[in-house]
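Pasted below: my_file.txt, compact mmCIF, C-alpha atoms.
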# COMPACT_ATOMS: atom_id res chain seq x y z
CA MET A 26 190.88 42.76 -131.69
CA LEU A 27 192.98 39.88 -130.36
CA VAL A 28 190.59 39.45 -127.43
CA VAL A 29 187.64 39.17 -129.81
CA VAL A 30 189.48 36.61 -131.95
CA HIS A 31 190.31 34.53 -128.89
CA VAL A 32 186.71 34.57 -127.61
CA LEU A 33 185.24 33.69 -131.00
CA HIS A 34 187.76 30.87 -131.38
CA ARG A 35 187.36 29.36 -127.92
CA LEU A 36 183.75 30.16 -127.07
CA CYS A 37 182.18 29.83 -130.51
CA GLY A 38 184.34 26.98 -131.80
CA LEU A 39 185.56 28.87 -134.88
CA SER A 40 188.93 28.24 -136.47
CA LEU A 41 191.51 30.96 -135.89
CA ALA A 42 191.22 31.99 -139.52
CA ASP A 43 187.43 32.25 -139.37
CA ALA A 44 187.55 34.01 -136.00
CA GLY A 45 190.02 36.55 -137.39
CA GLU A 46 187.87 37.23 -140.45
CA LEU A 47 184.73 37.59 -138.33
CA ALA A 48 186.42 39.97 -135.87
CA ALA A 49 187.76 42.05 -138.75
CA HIS A 50 184.29 42.18 -140.34
CA ALA A 51 182.71 43.35 -137.08
CA HIS A 52 185.44 45.95 -136.64
CA GLN A 53 184.93 47.29 -140.16
CA HIS A 54 181.16 47.07 -140.50
CA GLY A 55 179.98 47.44 -136.91
CA ALA A 56 178.64 43.90 -136.41
CA ALA A 57 178.99 40.36 -137.67
CA ALA A 58 176.75 37.29 -137.46
CA VAL A 59 178.46 34.66 -135.34
CA ARG A 60 176.14 31.67 -135.51
CA GLU A 61 172.52 30.63 -135.92
CA PHE A 62 170.90 28.10 -133.62
CA ALA A 63 167.86 25.88 -133.78
CA ASP A 64 166.68 26.98 -130.33
CA GLN A 65 166.66 30.18 -128.34
CA ALA A 66 168.22 28.69 -125.20
CA THR A 67 171.45 27.73 -126.98
CA ALA A 68 171.69 31.15 -128.60
CA GLU A 69 171.23 32.83 -125.23
CA ALA A 70 173.89 30.65 -123.61
CA LEU A 71 176.43 31.88 -126.16
CA ALA A 72 175.25 35.47 -125.75
CA VAL A 73 175.83 35.23 -121.99
CA GLY A 74 179.37 33.96 -122.57
CA LEU A 75 180.17 36.76 -125.00
CA GLN A 76 178.77 39.43 -122.70
CA ARG A 77 180.76 38.04 -119.77
CA HIS A 78 183.88 38.74 -121.83
CA GLY A 79 182.77 42.34 -122.29
CA LEU A 80 181.62 41.93 -125.90
CA ARG A 81 178.38 43.59 -126.99
CA THR A 82 176.07 40.91 -128.34
CA THR A 83 172.59 40.82 -129.83
CA ILE A 84 170.23 38.00 -130.82
CA ARG A 85 168.05 38.24 -133.91
CA LYS A 86 165.11 36.21 -132.72
CA ALA A 87 163.72 35.04 -136.08
CA ARG A 88 166.67 32.71 -136.62
CA ASN A 89 168.23 32.76 -133.13
CA ARG A 90 171.21 34.43 -134.79
CA VAL A 91 173.90 35.72 -132.43
CA GLU A 92 175.76 38.86 -133.54
CA GLN A 93 178.94 40.35 -132.09
CA HIS A 94 179.43 44.09 -132.40
CA ARG A 95 182.43 46.32 -132.95
CA GLU A 96 184.74 47.06 -130.05
CA ASP A 97 185.74 50.52 -128.97
CA PRO A 98 188.96 51.83 -130.58
CA GLU A 99 192.03 49.79 -129.71
CA PRO A 100 194.04 51.64 -127.05
CA VAL A 101 197.68 52.59 -127.40
CA LEU A 102 199.69 51.92 -124.26
CA THR A 103 203.27 52.75 -123.36
CA VAL A 104 204.58 50.52 -120.58
CA ASP A 105 207.52 51.74 -118.50
CA ASP A 106 210.07 49.66 -116.60
CA GLU A 107 208.45 50.23 -113.20
CA ASP A 108 204.89 49.28 -114.14
CA PHE A 109 204.84 46.00 -116.03
CA PHE A 110 202.73 42.91 -116.62
CA GLU A 111 204.26 39.89 -118.31
CA ALA A 112 202.89 36.44 -119.06
CA ARG A 113 204.64 33.46 -120.59
CA SER A 114 203.72 29.91 -121.42
CA THR A 115 205.02 27.04 -119.31
CA SER A 116 204.30 23.35 -119.06
CA ASP A 117 202.17 24.02 -115.97
CA GLY A 118 200.09 26.78 -117.57
CA VAL A 119 200.83 30.50 -117.73
CA VAL A 120 203.39 32.29 -115.56
CA VAL A 121 202.28 35.81 -114.63
CA GLN A 122 204.74 38.40 -113.34
CA MET A 123 203.79 41.99 -112.56
CA SER A 124 205.00 44.97 -110.61
CA GLY A 125 203.52 45.75 -107.22
CA ASN A 126 201.78 48.82 -108.60
CA VAL A 127 200.10 46.80 -111.35
CA ALA A 128 199.02 44.05 -108.93
CA GLU A 129 197.46 46.68 -106.66
CA THR A 130 195.71 48.39 -109.59
CA LEU A 131 194.32 45.13 -110.98
CA ALA A 132 193.12 44.12 -107.51
CA HIS A 133 191.35 47.49 -107.24
CA HIS A 134 189.56 47.00 -110.58
CA ALA A 135 188.53 43.47 -109.60
CA GLU A 136 187.28 44.72 -106.22
CA GLN A 137 185.18 47.44 -107.85
CA LEU A 138 183.73 44.91 -110.29
CA ILE A 139 182.86 42.47 -107.50
CA HIS A 140 181.00 45.19 -105.61
CA LEU A 141 179.07 46.37 -108.67
CA LEU A 142 178.07 42.88 -109.83
CA GLY A 143 177.14 41.76 -106.36
CA SER A 144 175.20 44.81 -105.19
CA GLY A 145 174.25 46.57 -108.41
CA VAL A 146 175.84 49.73 -107.02
CA ALA A 147 179.29 51.18 -107.74
CA GLU A 148 181.25 51.53 -104.51
CA PRO A 149 181.53 55.26 -103.73
CA ALA A 150 184.44 55.21 -101.29
CA ARG A 151 187.09 54.48 -103.91
CA ALA A 152 185.07 55.27 -107.00
CA GLY A 153 187.75 57.14 -108.94
CA VAL A 154 186.73 56.99 -112.59
CA LEU A 155 183.45 55.39 -111.57
CA ARG A 156 182.16 58.80 -110.50
CA ARG A 157 181.84 59.56 -114.19
CA ALA A 158 178.91 57.19 -114.65
CA ALA A 159 175.95 56.04 -112.58
CA SER A 160 175.69 52.42 -111.41
CA ALA A 161 172.75 51.66 -113.71
CA ASP A 162 174.71 53.01 -116.65
CA LEU A 163 177.68 50.81 -115.80
CA LEU A 164 175.54 47.67 -115.69
CA GLY A 165 173.88 48.78 -118.91
CA ARG A 166 177.26 48.96 -120.61
CA MET A 167 178.18 45.48 -119.49
CA PHE A 168 174.85 43.88 -120.32
CA PRO A 169 173.09 46.00 -122.95
CA ASP A 170 169.86 45.01 -124.66
CA THR A 171 170.30 41.60 -126.27
CA TYR A 172 167.05 41.76 -128.25
CA ARG A 173 165.47 44.57 -130.21
CA GLU A 174 162.47 44.55 -127.89
CA ARG A 175 163.10 46.06 -124.45
CA ALA A 176 160.81 43.56 -122.75
CA GLU A 177 162.65 40.61 -124.32
CA SER A 178 165.99 42.08 -123.23
CA ALA A 179 164.76 42.60 -119.68
CA ALA A 180 163.53 39.00 -119.57
CA PHE A 181 166.93 37.81 -120.88
CA ARG A 182 168.75 39.66 -118.08
CA GLN A 183 166.35 38.24 -115.51
CA ARG A 184 166.78 34.67 -116.77
CA HIS A 185 170.57 34.87 -116.84
CA ARG A 186 171.30 37.30 -114.03
CA ALA A 187 173.18 34.73 -111.95
CA ALA A 188 175.50 33.88 -114.84
CA LEU A 189 175.92 37.46 -116.07
CA GLN A 190 176.57 39.01 -112.66
CA GLY A 191 178.40 36.14 -111.00
CA THR A 192 181.43 37.25 -108.97
CA ALA A 193 183.31 33.98 -108.47
CA ALA A 194 185.82 34.59 -111.29
CA ALA A 195 186.54 38.17 -110.20
CA ARG A 196 186.99 37.01 -106.60
CA ARG A 197 189.58 34.45 -107.67
CA VAL A 198 191.46 37.07 -109.67
CA HIS A 199 191.30 39.54 -106.78
CA ALA A 200 192.69 36.95 -104.36
CA ARG A 201 195.68 36.33 -106.63
CA CYS A 202 196.40 40.02 -107.19
CA VAL A 203 196.40 40.84 -103.47
CA GLY A 204 198.35 37.69 -102.74
CA GLY A 205 201.51 38.48 -104.71
CA THR A 206 203.11 39.61 -107.95
CA GLU A 207 203.99 36.24 -109.47
CA HIS A 208 201.63 33.34 -110.15
CA VAL A 209 201.34 30.20 -112.22
CA LEU A 210 197.86 30.04 -113.72
CA PRO A 211 196.42 26.77 -115.00
CA ARG A 212 195.31 27.48 -118.55
CA GLY A 213 191.68 27.18 -117.56
CA ASP A 214 192.11 29.99 -115.01
CA VAL A 215 193.12 32.46 -117.73
CA THR A 216 189.43 32.80 -118.60
CA ASP A 217 188.81 34.23 -115.11
CA TRP A 218 191.22 37.07 -115.88
CA LEU A 219 189.84 37.68 -119.38
CA THR A 220 186.22 37.94 -118.21
CA THR A 221 187.08 39.99 -115.11
CA PHE A 222 189.04 42.63 -116.97
CA GLY A 223 186.78 42.49 -120.03
CA LEU A 224 183.94 43.72 -117.82
CA ALA A 225 186.17 46.01 -115.77
CA LYS A 226 187.19 47.84 -118.95
CA LEU A 227 183.61 48.94 -119.43
CA MET A 228 183.64 50.59 -116.00
CA SER A 229 186.41 52.98 -117.04
CA LEU A 230 184.60 54.55 -120.00
CA PRO A 231 183.45 58.17 -119.64
CA ARG A 232 179.91 59.14 -118.69
CA GLU A 233 179.15 60.30 -122.25
CA TYR A 234 179.93 56.83 -123.61
CA ALA A 235 177.35 55.74 -126.21
CA ARG A 236 176.67 52.04 -126.70
CA PHE A 237 176.65 52.23 -130.47
CA LYS A 238 179.54 54.67 -130.98
CA PRO A 239 183.25 54.06 -130.39
CA ALA A 240 184.71 55.68 -127.28
CA ASP A 241 188.25 56.30 -126.05
CA PRO A 242 188.84 53.58 -123.42
CA GLY A 243 191.31 55.78 -121.54
CA LEU A 244 194.43 54.69 -119.67
CA ALA A 245 192.61 52.14 -117.48
CA GLY A 246 191.03 50.50 -120.51
CA ALA A 247 194.38 50.46 -122.29
CA TRP A 248 196.06 48.73 -119.36
CA LEU A 249 193.33 46.13 -118.98
CA THR A 250 193.45 45.34 -122.71
CA HIS A 251 197.24 45.03 -122.43
CA VAL A 252 196.81 42.49 -119.62
CA GLN A 253 194.24 40.50 -121.60
CA GLU A 254 196.41 40.34 -124.71
CA LYS A 255 199.52 39.31 -122.77
CA LEU A 256 197.56 36.45 -121.19
CA ILE A 257 196.07 35.31 -124.49
CA LEU A 258 199.42 35.23 -126.30
CA ALA A 259 200.93 33.23 -123.42
CA ALA A 260 198.01 30.80 -123.20
CA GLU A 261 197.78 30.40 -126.99
CA PRO A 262 201.33 30.60 -128.42
CA GLY A 263 200.01 29.85 -131.91
CA TYR A 264 198.01 33.07 -132.08
CA THR A 265 199.11 35.95 -134.23
CA THR A 266 198.82 39.61 -133.26
CA PRO A 267 195.82 41.83 -134.03
CA ARG A 268 197.94 43.87 -136.46
CA ALA A 269 198.68 40.77 -138.52
CA LEU A 270 195.01 39.79 -138.45
CA GLY A 271 193.91 43.13 -139.82

Full structure transcribed into structure tokens:
Amino acid sequence: MLVVVHVLHRLCGLSLADAGELAAHAHQHGAAAVREFADQATAEALAVGLQRHGLRTTIRKARNRVEQHREDPEPVLTVDDEDFFEARSTSDGVVVQMSGNVAETLAHHAEQLIHLLGSGVAEPARAGVLRRAASADLLGRMFPDTYRERAESAAFRQRHRAALQGTAAARRVHARCVGGTEHVLPRGDVTDWLTTFGLAKLMSLPREYARFKPADPGLAGAWLTHVQEKLILAAEPGYTTPRALG
């Protein structure tokens, strides 16, 4: 839930307290109204940002109301001494340190995401868990129907395809992960990592994943959530933990 709180705080301009309450409401009730806008374009811009972070979002057209929906169950991850990812705040931004295995794994997830977003097809050569779901299903998980009407949702995806399926952020993350195990990220670059692995998490869900039902994110999803939360707590030292927010 920490990732949701961070996105609602930074992207939607909510206070930490309000973002925490809204995330908790969505987690408990399945969805929560984020904001209402005077025009459709502004509502869609926010919806694009939320979806790029891997959050399922809908727009209620009558009032241009943007709603954020419940995440899948929070994963439990045990990290050993050999495989680690650490992030800490510094005056220059966020220092990231990770094991070679983790750097290679994160680079692999970023590479798979780049290929899917760019081509619309999951790369078969190193598919791994991706064999459990078809390419169209994977894109459907990342960018599900934003409106109740299928035609409206299709038009939304067409209008915002360049923003939704852009690969620049994932390419920057991939370049860092293949380039070494220690980096200093300017605080603005943390968003690249959050969006990249927010979408990559959705690629690791099983084939039988249902959009409106919680699903076990598996080990890959647990690791990617772990990375996101480490980065958020380093970039925003004033944040509390999801357990405290609940």

I'd like the neighbourhood of range 68-71 of chain A as a compact mmCIF listing (two decimals) with C-alpha atoms, in the frame of the given file, where a residue qualifies if any of its atoms comes within 8 Å (using all atoms listed in the file), though same-chain residues fewer than 4 positions away should be ignored.
# COMPACT_ATOMS: atom_id res chain seq x y z
CA LEU A 36 183.75 30.16 -127.07
CA CYS A 37 182.18 29.83 -130.51
CA GLU A 61 172.52 30.63 -135.92
CA PHE A 62 170.90 28.10 -133.62
CA ASP A 64 166.68 26.98 -130.33
CA LEU A 75 180.17 36.76 -125.00
CA ILE A 84 170.23 38.00 -130.82
CA ASN A 89 168.23 32.76 -133.13
CA ARG A 90 171.21 34.43 -134.79
CA VAL A 91 173.90 35.72 -132.43
CA PHE A 181 166.93 37.81 -120.88

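For the residues A:Gln93, A:Gly125, A:Ala42, A:Gly143, ranking by smallest atom-to-atom distance to Glu107 in chain A using all atoms listed in the file places A:Gly125 first.
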
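The residues that lie within 6 Å of the point (194.0, 34.6, -131.5), counting all atoms listed in the file, are Leu27, Val30, His31, Tyr264 and Thr265 of chain A.
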
Practice problem: Find, counting all atoms listed in the file, the residue in A:Leu258, A:Ala128, A:Ala194, A:Ala188 that gets nearest to Phe168 in chain A. | Solution: A:Ala188

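Reported to one decimal place, the separation of CA of Val121 in chain A from CA of Leu210 in chain A is 7.3 Å.
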
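Summary of the local environment: counting all atoms listed in the file, residues at most 12 Å from Asp170 in chain A, other than itself and those fewer than 3 positions away along its chain, are Ala72, Val73, Gln76, Arg81, Thr82, Thr83, Ile84, Arg85, Leu164, Gly165, Arg166, Met167, Arg173, Glu174, Arg175, Ala176, Glu177, Ser178, Ala179, Ala180, Phe181, Arg182, Gln183, Arg236 and Phe237 of chain A.
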
Residues as selected, C-alpha atoms, written as a compact mmCIF listing (two decimals), keeping the file's coordinate frame, can you do that?
# COMPACT_ATOMS: atom_id res chain seq x y z
CA ALA A 72 175.25 35.47 -125.75
CA VAL A 73 175.83 35.23 -121.99
CA GLN A 76 178.77 39.43 -122.70
CA ARG A 81 178.38 43.59 -126.99
CA THR A 82 176.07 40.91 -128.34
CA THR A 83 172.59 40.82 -129.83
CA ILE A 84 170.23 38.00 -130.82
CA ARG A 85 168.05 38.24 -133.91
CA LEU A 164 175.54 47.67 -115.69
CA GLY A 165 173.88 48.78 -118.91
CA ARG A 166 177.26 48.96 -120.61
CA MET A 167 178.18 45.48 -119.49
CA ARG A 173 165.47 44.57 -130.21
CA GLU A 174 162.47 44.55 -127.89
CA ARG A 175 163.10 46.06 -124.45
CA ALA A 176 160.81 43.56 -122.75
CA GLU A 177 162.65 40.61 -124.32
CA SER A 178 165.99 42.08 -123.23
CA ALA A 179 164.76 42.60 -119.68
CA ALA A 180 163.53 39.00 -119.57
CA PHE A 181 166.93 37.81 -120.88
CA ARG A 182 168.75 39.66 -118.08
CA GLN A 183 166.35 38.24 -115.51
CA ARG A 236 176.67 52.04 -126.70
CA PHE A 237 176.65 52.23 -130.47
